[in-house]
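Engineer: So that you have it, the file is protein.tsv, and it contains TSV, C-alpha atoms (C1' of nucleotides):
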chain	number	residue	atom	x	y	z
A	29	MET	CA	-7.51	0.61	-6.80
A	30	SER	CA	-9.26	1.11	-3.53
A	31	ALA	CA	-10.14	-1.75	-1.26
A	32	ASN	CA	-13.16	0.33	-0.40
A	33	THR	CA	-16.59	-1.09	-1.21
A	34	ARG	CA	-18.71	1.74	0.20
A	35	PHE	CA	-19.76	3.11	-3.19
A	36	THR	CA	-20.85	-0.35	-4.25
A	37	VAL	CA	-22.75	-0.91	-1.04
A	38	ALA	CA	-24.34	2.53	-1.27
A	39	LEU	CA	-25.57	1.74	-4.78
A	40	HIS	CA	-26.81	-1.62	-3.58
A	41	ILE	CA	-28.72	0.12	-0.81
A	42	VAL	CA	-30.46	2.69	-2.96
A	43	THR	CA	-31.20	0.12	-5.66
A	44	TRP	CA	-32.71	-2.17	-3.07
A	45	MET	CA	-34.73	0.70	-1.65
A	46	ALA	CA	-35.98	1.64	-5.10
A	47	GLN	CA	-37.23	-1.89	-5.55
A	48	ALA	CA	-38.51	-2.47	-2.01
A	49	SER	CA	-40.45	0.77	-1.89
A	50	GLN	CA	-43.02	-0.98	-4.05
A	51	GLN	CA	-43.69	-3.45	-1.23
A	52	PHE	CA	-42.94	-1.68	2.03
A	53	ASP	CA	-43.51	1.72	3.47
A	54	LEU	CA	-40.27	1.90	5.41
A	55	MET	CA	-37.14	-0.18	5.21
A	56	THR	CA	-34.86	-0.94	8.14
A	57	SER	CA	-31.11	-1.24	8.12
A	58	GLU	CA	-31.58	-4.82	9.27
A	59	GLN	CA	-33.52	-5.73	6.11
A	60	ILE	CA	-31.04	-4.02	3.84
A	61	ALA	CA	-28.13	-5.71	5.60
A	62	ARG	CA	-29.64	-9.08	4.78
A	63	SER	CA	-29.64	-8.33	1.04
A	64	VAL	CA	-26.11	-6.91	1.06
A	65	ASN	CA	-25.06	-9.77	3.35
A	66	THR	CA	-23.29	-7.63	5.89
A	67	ASN	CA	-24.00	-6.08	9.29
A	68	PRO	CA	-26.57	-3.35	9.99
A	69	VAL	CA	-24.05	-0.94	11.50
A	70	PHE	CA	-22.07	-0.76	8.28
A	71	ILE	CA	-25.34	-0.15	6.45
A	72	ARG	CA	-26.35	2.59	8.86
A	73	ARG	CA	-23.00	4.31	8.51
A	74	ILE	CA	-23.56	4.52	4.77
A	75	LEU	CA	-27.21	5.48	5.16
A	76	GLY	CA	-25.97	8.30	7.37
A	77	LEU	CA	-23.86	9.62	4.49
A	78	LEU	CA	-26.75	9.26	2.06
A	79	HIS	CA	-28.95	11.10	4.53
A	80	LYS	CA	-26.48	13.96	4.88
A	81	ALA	CA	-26.63	14.27	1.08
A	82	LYS	CA	-30.44	14.30	1.32
A	83	LEU	CA	-30.84	11.21	-0.85
A	84	VAL	CA	-32.79	9.29	1.78
A	85	ASN	CA	-35.21	10.15	4.57
A	86	VAL	CA	-35.05	8.60	7.99
A	87	GLN	CA	-37.75	8.11	10.58
A	88	HIS	CA	-37.11	7.44	14.25
A	89	GLY	CA	-39.17	5.97	17.06
A	90	THR	CA	-41.73	3.19	16.63
A	91	ASN	CA	-42.05	2.19	13.00
A	92	ALA	CA	-38.63	3.64	12.27
A	93	GLY	CA	-36.89	3.12	8.94
A	94	TRP	CA	-35.78	4.62	5.68
A	95	THR	CA	-37.22	5.79	2.39
A	96	LEU	CA	-35.70	7.24	-0.76
A	97	ALA	CA	-35.94	11.02	-0.68
A	98	ARG	CA	-36.88	11.19	-4.36
A	99	PRO	CA	-37.69	8.82	-7.24
A	100	ALA	CA	-34.85	6.54	-8.31
A	101	ALA	CA	-34.90	8.08	-11.77
A	102	GLN	CA	-33.90	11.38	-10.19
A	103	ILE	CA	-30.87	10.04	-8.31
A	104	SER	CA	-27.78	9.81	-10.47
A	105	LEU	CA	-24.77	7.63	-9.77
A	106	LEU	CA	-22.86	10.87	-9.30
A	107	ASP	CA	-25.23	11.90	-6.51
A	108	VAL	CA	-24.43	8.67	-4.72
A	109	TYR	CA	-20.72	8.94	-5.47
A	110	GLN	CA	-20.46	12.42	-4.05
A	111	ALA	CA	-22.45	11.45	-0.98
A	112	ILE	CA	-20.02	8.63	-0.23
A	113	GLU	CA	-16.58	9.65	-1.47
A	114	GLN	CA	-15.14	12.78	-0.01
A	115	GLU	CA	-11.52	11.95	-0.78
A	116	PRO	CA	-10.10	12.88	-4.17
A	117	LEU	CA	-9.74	10.05	-6.68
A	118	PHE	CA	-5.94	10.25	-6.80
A	119	GLU	CA	-3.74	10.89	-3.80
A	120	LEU	CA	-0.76	13.19	-3.94
A	121	HIS	CA	2.50	12.29	-2.18
A	122	HIS	CA	2.29	11.39	1.49
A	123	THR	CA	5.59	13.14	2.17
A	124	LEU	CA	6.28	16.51	0.56
A	125	PRO	CA	8.58	16.18	-2.46
A	126	ASN	CA	12.02	17.78	-2.28
A	127	GLN	CA	11.32	21.50	-2.66
A	128	VAL	CA	14.88	22.19	-3.82
A	129	CYS	CA	14.27	20.10	-6.94
A	130	PRO	CA	12.41	21.90	-9.75
A	131	ILE	CA	10.25	18.84	-10.33
A	132	GLY	CA	9.60	18.30	-6.64
A	133	ARG	CA	8.58	21.93	-6.29
A	134	GLY	CA	6.10	22.03	-9.18
A	135	ILE	CA	4.78	18.49	-9.56
A	136	GLN	CA	1.96	18.64	-7.04
A	137	SER	CA	0.44	21.75	-8.52
A	138	ALA	CA	0.68	20.25	-12.00
A	139	LEU	CA	-0.80	16.91	-11.00
A	140	THR	CA	-3.66	18.60	-9.17
A	141	HIS	CA	-4.70	20.07	-12.48
A	142	PHE	CA	-4.51	16.83	-14.46
A	143	TYR	CA	-6.23	14.91	-11.68
A	144	ARG	CA	-9.06	17.41	-11.60
A	145	ASP	CA	-9.72	16.92	-15.31
A	146	ALA	CA	-9.65	13.15	-14.98
A	147	GLU	CA	-12.00	13.19	-12.02
A	148	MET	CA	-14.31	15.51	-13.89
A	149	ALA	CA	-14.51	13.08	-16.82
A	150	LEU	CA	-15.36	10.29	-14.42
A	151	LYS	CA	-18.08	12.33	-12.75
A	152	GLN	CA	-19.63	13.38	-16.03
A	153	GLN	CA	-20.01	9.74	-16.93
A	154	LEU	CA	-21.48	8.89	-13.53
A	155	ALA	CA	-23.98	11.69	-13.97
A	156	ARG	CA	-25.33	10.01	-17.09
A	157	SER	CA	-26.97	7.08	-15.28
A	158	THR	CA	-29.52	6.90	-12.49
A	159	VAL	CA	-30.45	4.46	-9.77
A	160	ALA	CA	-33.48	3.56	-11.90
A	161	ASP	CA	-31.12	2.44	-14.67
A	162	VAL	CA	-29.18	0.32	-12.20
A	163	LEU	CA	-32.39	-1.24	-10.90
A	164	GLU	CA	-33.49	-2.09	-14.39
A	165	GLU	CA	-30.19	-3.76	-15.26
A	166	THR	CA	-30.06	-5.50	-11.92
A	167	LEU	CA	-33.48	-7.09	-12.38
A	168	ALA	CA	-32.64	-8.08	-15.94
A	169	ALA	CA	-29.43	-9.76	-14.81
A	170	SER	CA	-31.20	-11.31	-11.84
A	171	SER	CA	-33.95	-12.95	-13.85
A	172	GLN	CA	-31.45	-14.18	-16.41
A	173	ARG	CA	-29.55	-15.99	-13.69
A	174	MET	CA	-32.74	-17.68	-12.51
A	175	GLU	CA	-33.11	-19.72	-15.67
B	10	MET	CA	-10.57	7.38	-2.65
B	11	SER	CA	-7.48	5.28	-2.49
B	12	ALA	CA	-4.76	5.96	0.03
B	13	ASN	CA	-2.40	4.81	-2.67
B	14	THR	CA	0.17	7.28	-3.97
B	15	ARG	CA	1.87	5.02	-6.49
B	16	PHE	CA	0.33	6.68	-9.54
B	17	THR	CA	1.48	10.07	-8.27
B	18	VAL	CA	4.96	8.77	-7.55
B	19	ALA	CA	5.12	7.05	-10.93
B	20	LEU	CA	4.24	10.31	-12.66
B	21	HIS	CA	6.79	12.12	-10.55
B	22	ILE	CA	9.39	9.58	-11.63
B	23	VAL	CA	8.78	9.79	-15.34
B	24	THR	CA	8.46	13.58	-15.23
B	25	TRP	CA	11.76	13.78	-13.37
B	26	MET	CA	13.35	11.42	-15.88
B	27	ALA	CA	12.03	13.48	-18.78
B	28	GLN	CA	13.69	16.54	-17.29
B	29	ALA	CA	16.89	14.86	-16.08
B	30	SER	CA	17.56	13.12	-19.38
B	31	GLN	CA	18.71	16.50	-20.64
B	32	GLN	CA	21.53	16.46	-18.08
B	33	PHE	CA	22.39	12.83	-17.40
B	34	ASP	CA	22.72	9.68	-19.39
B	35	LEU	CA	21.37	7.36	-16.77
B	36	MET	CA	19.42	8.03	-13.61
B	37	THR	CA	19.57	5.91	-10.48
B	38	SER	CA	16.77	5.07	-8.10
B	39	GLU	CA	18.79	6.85	-5.41
B	40	GLN	CA	18.68	10.15	-7.33
B	41	ILE	CA	14.98	9.85	-8.05
B	42	ALA	CA	14.24	8.99	-4.43
B	43	ARG	CA	15.83	12.25	-3.37
B	44	SER	CA	13.45	14.28	-5.53
B	45	VAL	CA	10.38	12.33	-4.46
B	46	ASN	CA	11.65	12.41	-0.87
B	47	THR	CA	11.21	8.73	-0.19
B	48	ASN	CA	13.29	5.56	-0.14
B	49	PRO	CA	14.97	3.97	-3.19
B	50	VAL	CA	13.28	0.61	-2.71
B	51	PHE	CA	9.82	2.13	-3.13
B	52	ILE	CA	11.10	3.87	-6.26
B	53	ARG	CA	12.56	0.65	-7.63
B	54	ARG	CA	9.31	-1.20	-7.03
B	55	ILE	CA	7.50	1.34	-9.15
B	56	LEU	CA	10.26	1.45	-11.76
B	57	GLY	CA	9.83	-2.29	-11.98
B	58	LEU	CA	6.18	-1.82	-12.95
B	59	LEU	CA	7.08	0.88	-15.46
B	60	HIS	CA	9.70	-1.43	-16.90
B	61	LYS	CA	7.23	-4.29	-17.27
B	62	ALA	CA	5.06	-1.86	-19.26
B	63	LYS	CA	8.10	-0.98	-21.38
B	64	LEU	CA	7.97	2.69	-20.46
B	65	VAL	CA	11.52	2.74	-19.11
B	66	ASN	CA	14.76	0.93	-19.86
B	67	VAL	CA	17.04	-0.40	-17.18
B	68	GLN	CA	20.77	-1.07	-17.27
B	69	HIS	CA	22.58	-3.31	-14.79
B	70	GLY	CA	26.18	-3.64	-13.71
B	71	THR	CA	28.64	-0.78	-13.58
B	72	ASN	CA	27.03	2.47	-14.62
B	73	ALA	CA	23.64	1.05	-13.96
B	74	GLY	CA	20.51	3.18	-14.08
B	75	TRP	CA	17.34	4.07	-15.91
B	76	THR	CA	16.21	5.92	-19.02
B	77	LEU	CA	12.83	6.67	-20.52
B	78	ALA	CA	12.04	4.12	-23.21
B	79	ARG	CA	10.58	6.78	-25.50
B	80	PRO	CA	10.15	10.55	-25.64
B	81	ALA	CA	8.00	12.06	-22.91
B	82	ALA	CA	5.60	13.40	-25.54
B	83	GLN	CA	4.85	9.80	-26.50
B	84	ILE	CA	3.99	8.60	-23.01
B	85	SER	CA	0.42	9.34	-22.01
B	86	LEU	CA	-0.87	9.52	-18.46
B	87	LEU	CA	-2.95	6.49	-19.37
B	88	ASP	CA	0.21	4.53	-20.20
B	89	VAL	CA	1.51	5.28	-16.73
B	90	TYR	CA	-1.84	4.57	-15.09
B	91	GLN	CA	-2.17	1.18	-16.71
B	92	ALA	CA	1.40	0.30	-15.81
B	93	ILE	CA	0.74	1.01	-12.15
B	94	GLU	CA	-2.89	0.20	-11.42
B	95	GLN	CA	-4.01	-3.31	-12.06
B	96	GLU	CA	-7.01	-3.21	-9.76
B	97	PRO	CA	-10.35	-1.90	-11.07
B	98	LEU	CA	-11.29	1.61	-10.01
B	99	PHE	CA	-14.35	0.51	-8.04
B	100	GLU	CA	-14.49	-2.56	-5.88
B	101	LEU	CA	-17.50	-4.84	-5.78
B	102	HIS	CA	-18.73	-6.32	-2.49
B	103	HIS	CA	-16.21	-8.16	-0.36
B	104	THR	CA	-18.83	-10.71	0.65
B	105	LEU	CA	-21.23	-12.09	-1.95
B	106	PRO	CA	-24.65	-10.41	-1.71
B	107	ASN	CA	-27.63	-12.53	-0.73
B	108	GLN	CA	-28.34	-14.63	-3.85
B	109	VAL	CA	-31.93	-15.25	-2.77
B	110	CYS	CA	-32.68	-11.54	-3.07
B	111	PRO	CA	-33.37	-10.31	-6.65
B	112	ILE	CA	-31.19	-7.26	-6.06
B	113	GLY	CA	-28.41	-9.25	-4.44
B	114	ARG	CA	-28.44	-11.68	-7.34
B	115	GLY	CA	-28.22	-9.09	-10.13
B	116	ILE	CA	-26.46	-6.07	-8.64
B	117	GLN	CA	-22.87	-7.14	-9.28
B	118	SER	CA	-23.44	-7.82	-12.94
B	119	ALA	CA	-25.21	-4.47	-13.31
B	120	LEU	CA	-22.56	-2.49	-11.46
B	121	THR	CA	-19.78	-4.12	-13.46
B	122	HIS	CA	-21.32	-2.57	-16.54
B	123	PHE	CA	-21.70	0.94	-15.09
B	124	TYR	CA	-18.24	0.79	-13.54
B	125	ARG	CA	-16.71	-0.19	-16.87
B	126	ASP	CA	-18.22	2.88	-18.56
B	127	ALA	CA	-17.02	5.19	-15.79
B	128	GLU	CA	-13.52	3.77	-15.86
B	129	MET	CA	-13.47	4.11	-19.62
B	130	ALA	CA	-14.33	7.82	-19.38
B	131	LEU	CA	-11.52	8.29	-16.90
B	132	LYS	CA	-9.04	6.52	-19.11
B	133	GLN	CA	-10.02	8.47	-22.20
B	134	GLN	CA	-9.27	11.66	-20.32
B	135	LEU	CA	-5.93	10.32	-19.09
B	136	ALA	CA	-5.03	9.42	-22.65
B	137	ARG	CA	-5.36	13.05	-23.66
B	138	SER	CA	-2.25	14.25	-21.81
B	139	THR	CA	1.36	13.18	-21.91
B	140	VAL	CA	4.33	13.24	-19.59
B	141	ALA	CA	5.66	16.15	-21.67
B	142	ASP	CA	2.55	18.12	-20.75
B	143	VAL	CA	3.06	17.34	-17.08
B	144	LEU	CA	6.72	18.40	-17.31
B	145	GLU	CA	5.75	21.67	-18.92
B	146	GLU	CA	3.17	22.48	-16.24
B	147	THR	CA	5.49	21.33	-13.50
B	148	LEU	CA	8.27	23.66	-14.58
B	149	ALA	CA	5.82	26.54	-15.00
B	150	ALA	CA	4.48	26.01	-11.49
B	151	SER	CA	7.97	25.52	-10.15
B	152	SER	CA	9.37	28.77	-11.50
B	153	GLN	CA	6.29	30.64	-10.36
B	154	ARG	CA	6.88	29.48	-6.80
B	155	MET	CA	10.48	30.72	-6.96
B	156	GLU	CA	9.44	34.33	-7.21
C	22	DC	C1'	-45.61	8.74	30.22
C	23	DT	C1'	-43.91	4.31	29.54
C	24	DG	C1'	-42.51	0.58	26.54
C	25	DC	C1'	-40.03	-0.54	22.64
C	26	DA	C1'	-38.18	-1.13	18.07
C	27	DA	C1'	-35.23	1.08	15.47
C	28	DT	C1'	-31.63	4.68	14.72
C	29	DG	C1'	-27.03	7.04	15.79
C	30	DT	C1'	-22.40	6.48	17.45
C	31	DA	C1'	-18.54	5.22	19.91
C	32	DA	C1'	-15.14	1.85	20.96
C	33	DC	C1'	-12.78	-2.19	20.13
C	34	DT	C1'	-11.08	-5.96	17.04
C	35	DG	C1'	-9.03	-8.45	13.26
C	36	DA	C1'	-7.68	-8.31	8.39
C	37	DT	C1'	-5.55	-6.26	4.81
C	38	DA	C1'	-2.75	-2.81	2.36
C	39	DA	C1'	0.77	1.08	1.95
C	40	DA	C1'	5.15	2.38	2.35
C	41	DG	C1'	9.53	2.56	5.16
C	42	DT	C1'	13.57	-0.25	6.34
C	43	DT	C1'	17.11	-3.72	6.34
C	44	DA	C1'	19.48	-7.13	4.07
C	45	DC	C1'	21.52	-9.55	0.50
C	46	DA	C1'	21.90	-12.06	-3.95
C	47	DT	C1'	22.43	-10.69	-8.79
C	48	DT	C1'	24.00	-8.14	-12.66
C	49	DG	C1'	27.51	-6.81	-16.11
C	50	DA	C1'	30.69	-2.96	-17.80
C	51	DG	C1'	35.34	-1.65	-16.76
D	27	DC	C1'	37.36	-9.81	-10.39
D	28	DT	C1'	35.49	-5.52	-8.61
D	29	DC	C1'	31.94	-2.61	-7.57
D	30	DA	C1'	27.97	0.26	-7.89
D	31	DA	C1'	23.52	-0.28	-8.75
D	32	DT	C1'	19.44	-3.27	-9.52
D	33	DG	C1'	15.93	-6.90	-7.97
D	34	DT	C1'	13.54	-8.95	-4.19
D	35	DA	C1'	12.38	-10.83	0.01
D	36	DA	C1'	11.27	-10.19	4.75
D	37	DC	C1'	9.95	-7.54	8.44
D	38	DT	C1'	7.87	-3.34	10.71
D	39	DT	C1'	4.79	0.58	11.29
D	40	DT	C1'	0.89	2.82	10.33
D	41	DA	C1'	-3.59	3.42	8.40
D	42	DT	C1'	-7.96	2.01	6.63
D	43	DC	C1'	-11.88	-1.20	6.01
D	44	DA	C1'	-15.37	-3.53	7.85
D	45	DG	C1'	-17.27	-6.68	11.60
D	46	DT	C1'	-18.86	-6.62	16.32
D	47	DT	C1'	-20.58	-5.23	20.77
D	48	DA	C1'	-22.67	-1.94	23.43
D	49	DC	C1'	-25.57	1.61	24.66
D	50	DA	C1'	-27.79	6.21	24.56
D	51	DT	C1'	-31.40	8.39	21.80
D	52	DT	C1'	-35.59	8.85	19.30
D	53	DG	C1'	-40.61	9.29	19.03
D	54	DC	C1'	-44.93	6.67	17.95
D	55	DA	C1'	-48.32	3.27	20.04
D	56	DG	C1'	-50.77	2.06	23.69
Translate the structure described by the file into structure tokens.
Structural biologist:
Amino acid sequence: MSANTRFTVALHIVTWMAQASQQFDLMTSEQIARSVNTNPVFIRRILGLLHKAKLVNVQHGTNAGWTLARPAAQISLLDVYQAIEQEPLFELHHTLPNQVCPIGRGIQSALTHFYRDAEMALKQQLARSTVADVLEETLAASSQRME
Amino acid sequence: MSANTRFTVALHIVTWMAQASQQFDLMTSEQIARSVNTNPVFIRRILGLLHKAKLVNVQHGTNAGWTLARPAAQISLLDVYQAIEQEPLFELHHTLPNQVCPIGRGIQSALTHFYRDAEMALKQQLARSTVADVLEETLAASSQRME
DNA sequence: CTGCAATGTAACTGATAAAGTTACATTGAG
DNA sequence: CTCAATGTAACTTTATCAGTTACATTGCAG
């Protein structure tokens, strides 16, 4: 649907941080960018969103870098989703429908309602898993592909 | 999330058709475009997708136009969604993650699994409502805004 | 208080996608 | 055969995504 990979990259980031925190104190955007295979600025833009949502801590100055703000088991996929995606899942019309037409006049209000329910169902499912779950599955898949 | 309004326009179309079928035999893309307030080609592109999914019938030649293929109460929002959206809800990375990194190697397989569950929850919710429901709410909202 | 390694942002650049527009071949009942 | 509408292709405009360069800012180490 969207050509937008920010949610995926955000999950990659926090999963990587959950794993790397066992080895390092602080992680830099440069290190993370190497795992995601992209540029540090893109990473920092997303880390900025995660920071605004208080999912990560940042430290400036010498020995700067990032840490997870709380254990991976206490960060749900919904937390990450809401930190990253501010737009609604489904867009309404770009141009206002014909307000003279009974359908055109009422459709947006109706769709808003159905879209809200659909988005809610999505979010409830996202709330059921945590970054710790993703890390676990990631490592399982990773070691399987080593063989 | 997506800047894509096709699902909204598709629902507008079928809702309009459900209503208009009480007055007309056949509806043209020109008529629908006037309600959506857009151009007929965009409408026909979406009608083409709905047709491929067998949700609407098309007639060519003189007295050409469109009809719903079955009653609005038998067309779910999921039917429309699947007719329109072929892309997955969440995109994976555009560039392959670093395969040397354990996270980079396993993250896509893991996310595919979590994304599948989330998309499934969304679809189950969409399956719960029909175009007839949307029409009902649309007309209710429409008449309320007349007052 | 200075050096410096990293963050925080802005600005610019393709690349890609959405939707508007024009144009025209195709369809098939009358 | 005619004609009104479909079916598509091609082009344009606009917007968004993400890569890139650049540079001011931060704040600990020395």
Engineer: Could you list, as a CSV table (one decimal) with C-alpha atoms, in the coordinates of the input, every residue of chain B that has an atom within 6 Å of an atom of chain C, counting all atoms listed in the file?
Structural biologist:
chain,number,residue,atom,x,y,z
B,69,HIS,CA,22.6,-3.3,-14.8
B,70,GLY,CA,26.2,-3.6,-13.7
B,71,THR,CA,28.6,-0.8,-13.6
Engineer: In Å, how far is it from CA of Leu86 in chain B to CA of Ser44 in chain B?
Structural biologist: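 Rounded to one decimal, the two atoms are 19.9 Å apart.
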Engineer: Chain A near chain D within 12 Å: what's each residue's closest atom pair and its distance in Å to one decimal, counting only C-alpha atoms (C1' of nucleotides), ordered by chain then ascending residue number, as a tab-separated table?
Structural biologist:
residue	atom	partner	partner_atom	distance
A:Ser30	CA	D:DC43	C1'	10.2
A:Ala31	CA	D:DC43	C1'	7.5
A:Asn32	CA	D:DC43	C1'	6.7
A:Thr33	CA	D:DC43	C1'	8.6
A:Arg34	CA	D:DC43	C1'	9.4
A:Val37	CA	D:DA44	C1'	11.8
A:Asn65	CA	D:DG45	C1'	11.8
A:Thr66	CA	D:DG45	C1'	8.4
A:Asn67	CA	D:DG45	C1'	7.1
A:Pro68	CA	D:DG45	C1'	10.0
A:Val69	CA	D:DG45	C1'	8.9
A:Phe70	CA	D:DA44	C1'	7.3
A:Ile71	CA	D:DA44	C1'	10.6
A:Arg73	CA	D:DA44	C1'	11.0
A:Ile74	CA	D:DA44	C1'	11.9
A:Val86	CA	D:DT52	C1'	11.3
A:Gln87	CA	D:DG53	C1'	9.0
A:His88	CA	D:DT52	C1'	5.5
A:Gly89	CA	D:DG53	C1'	4.1
A:Thr90	CA	D:DC54	C1'	4.9
A:Asn91	CA	D:DC54	C1'	7.3
A:Ala92	CA	D:DC54	C1'	9.0
A:Gly93	CA	D:DT52	C1'	11.9
Engineer: Just to confirm, what's the straight-line distance from CA of Ala130 in chain B to CA of Gln153 in chain A in Å (one decimal)?
Structural biologist: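 About the pair CA of Ala130 in chain B and CA of Gln153 in chain A: they are 6.5 Å apart.
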Engineer: Pull the closest atom pair for each residue of chain A that gets at most 7 Å from chain B, along with the distance in Å to one decimal, counting all atoms listed in the file, ordering rows by chain and then ascending residue number, as a Markdown table.
Structural biologist:
| residue | atom | partner | partner_atom | distance |
| --- | --- | --- | --- | --- |
| A:Met29 | CA | B:Glu96 | CA | 4.9 |
| A:Ser30 | CA | B:Ser11 | CA | 4.7 |
| A:Ala31 | CA | B:Glu100 | CA | 6.4 |
| A:Asn32 | CA | B:Glu100 | CA | 6.3 |
| A:Thr33 | CA | B:Glu100 | CA | 5.3 |
| A:Thr36 | CA | B:Leu101 | CA | 5.8 |
| A:Val37 | CA | B:His102 | CA | 6.9 |
| A:His40 | CA | B:Ile116 | CA | 6.7 |
| A:Trp44 | CA | B:Ile112 | CA | 6.1 |
| A:Arg62 | CA | B:Asn107 | CA | 6.8 |
| A:Ser63 | CA | B:Asn107 | CA | 5.0 |
| A:Val64 | CA | B:Pro106 | CA | 4.7 |
| A:Asn65 | CA | B:Pro106 | CA | 5.1 |
| A:Glu113 | CA | B:Met10 | CA | 6.5 |
| A:Glu115 | CA | B:Met10 | CA | 5.0 |
| A:Pro116 | CA | B:Met10 | CA | 5.7 |
| A:Leu117 | CA | B:Met10 | CA | 4.9 |
| A:Phe118 | CA | B:Ser11 | CA | 6.8 |
| A:Glu119 | CA | B:Thr14 | CA | 5.3 |
| A:Leu120 | CA | B:Thr17 | CA | 5.8 |
| A:His121 | CA | B:Thr14 | CA | 5.8 |
| A:Thr123 | CA | B:Asn46 | CA | 6.8 |
| A:Leu124 | CA | B:Asn46 | CA | 6.9 |
| A:Pro125 | CA | B:Val45 | CA | 4.7 |
| A:Asn126 | CA | B:Ser44 | CA | 5.0 |
| A:Cys129 | CA | B:Ser44 | CA | 6.0 |
| A:Pro130 | CA | B:Ser151 | CA | 5.7 |
| A:Ile131 | CA | B:Trp25 | CA | 6.1 |
| A:Gly132 | CA | B:Ser44 | CA | 5.7 |
| A:Arg133 | CA | B:Ser151 | CA | 5.3 |
| A:Gly134 | CA | B:Ser151 | CA | 4.1 |
| A:Ile135 | CA | B:Thr147 | CA | 4.9 |
| A:Ser137 | CA | B:Ala150 | CA | 6.6 |
| A:Ala138 | CA | B:Thr147 | CA | 5.2 |
| A:Ala146 | CA | B:Leu131 | CA | 5.6 |
| A:Glu147 | CA | B:Leu131 | CA | 6.9 |
| A:Ala149 | CA | B:Leu131 | CA | 5.6 |
| A:Leu150 | CA | B:Leu131 | CA | 5.0 |
| A:Gln153 | CA | B:Ala127 | CA | 5.6 |
| A:Leu154 | CA | B:Ala127 | CA | 6.2 |
| A:Val162 | CA | B:Ala119 | CA | 6.3 |
| A:Glu165 | CA | B:Ala119 | CA | 5.4 |
| A:Thr166 | CA | B:Gly115 | CA | 4.4 |
| A:Leu167 | CA | B:Gly115 | CA | 6.1 |
| A:Ala169 | CA | B:Gly115 | CA | 4.9 |
| A:Ser170 | CA | B:Gly115 | CA | 4.1 |
Engineer: Could you please determine the separation between CA of Lys82 in chain A and CA of Arg125 in chain B in Å, to one decimal place?
Structural biologist: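 Here the two named atoms are 27.0 Å from each other.
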Engineer: Select, from B:Asn66, B:Ser85, B:Thr121, B:Thr37, the residue with the minimum atom-to-atom distance to Ala141 in chain B, counting only C-alpha atoms.
Structural biologist: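 Counting only C-alpha atoms, the residue closest to Ala141 in chain B is B:Ser85.
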Engineer: For each of B:Val23, B:Leu87, B:Leu35, B:Val140, take the minimum atom-to-atom distance to His60 in chain B, counting only C-alpha atoms, then give the residue where this is smallest.
Structural biologist: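 Among the listed residues, B:Val23 lies closest to His60 in chain B.
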Engineer: What are the centre and the three edge lengths of an axis-aligned box that wraps all atoms of range 40-44 of chain C in the file, given that 4 Å is added to every side, written as AutoDock Vina command-line options and rounded to one decimal in Å?
Structural biologist:
--center_x 12.3 --center_y -2.3 --center_z 4.3 --size_x 22.3 --size_y 17.7 --size_z 12.0
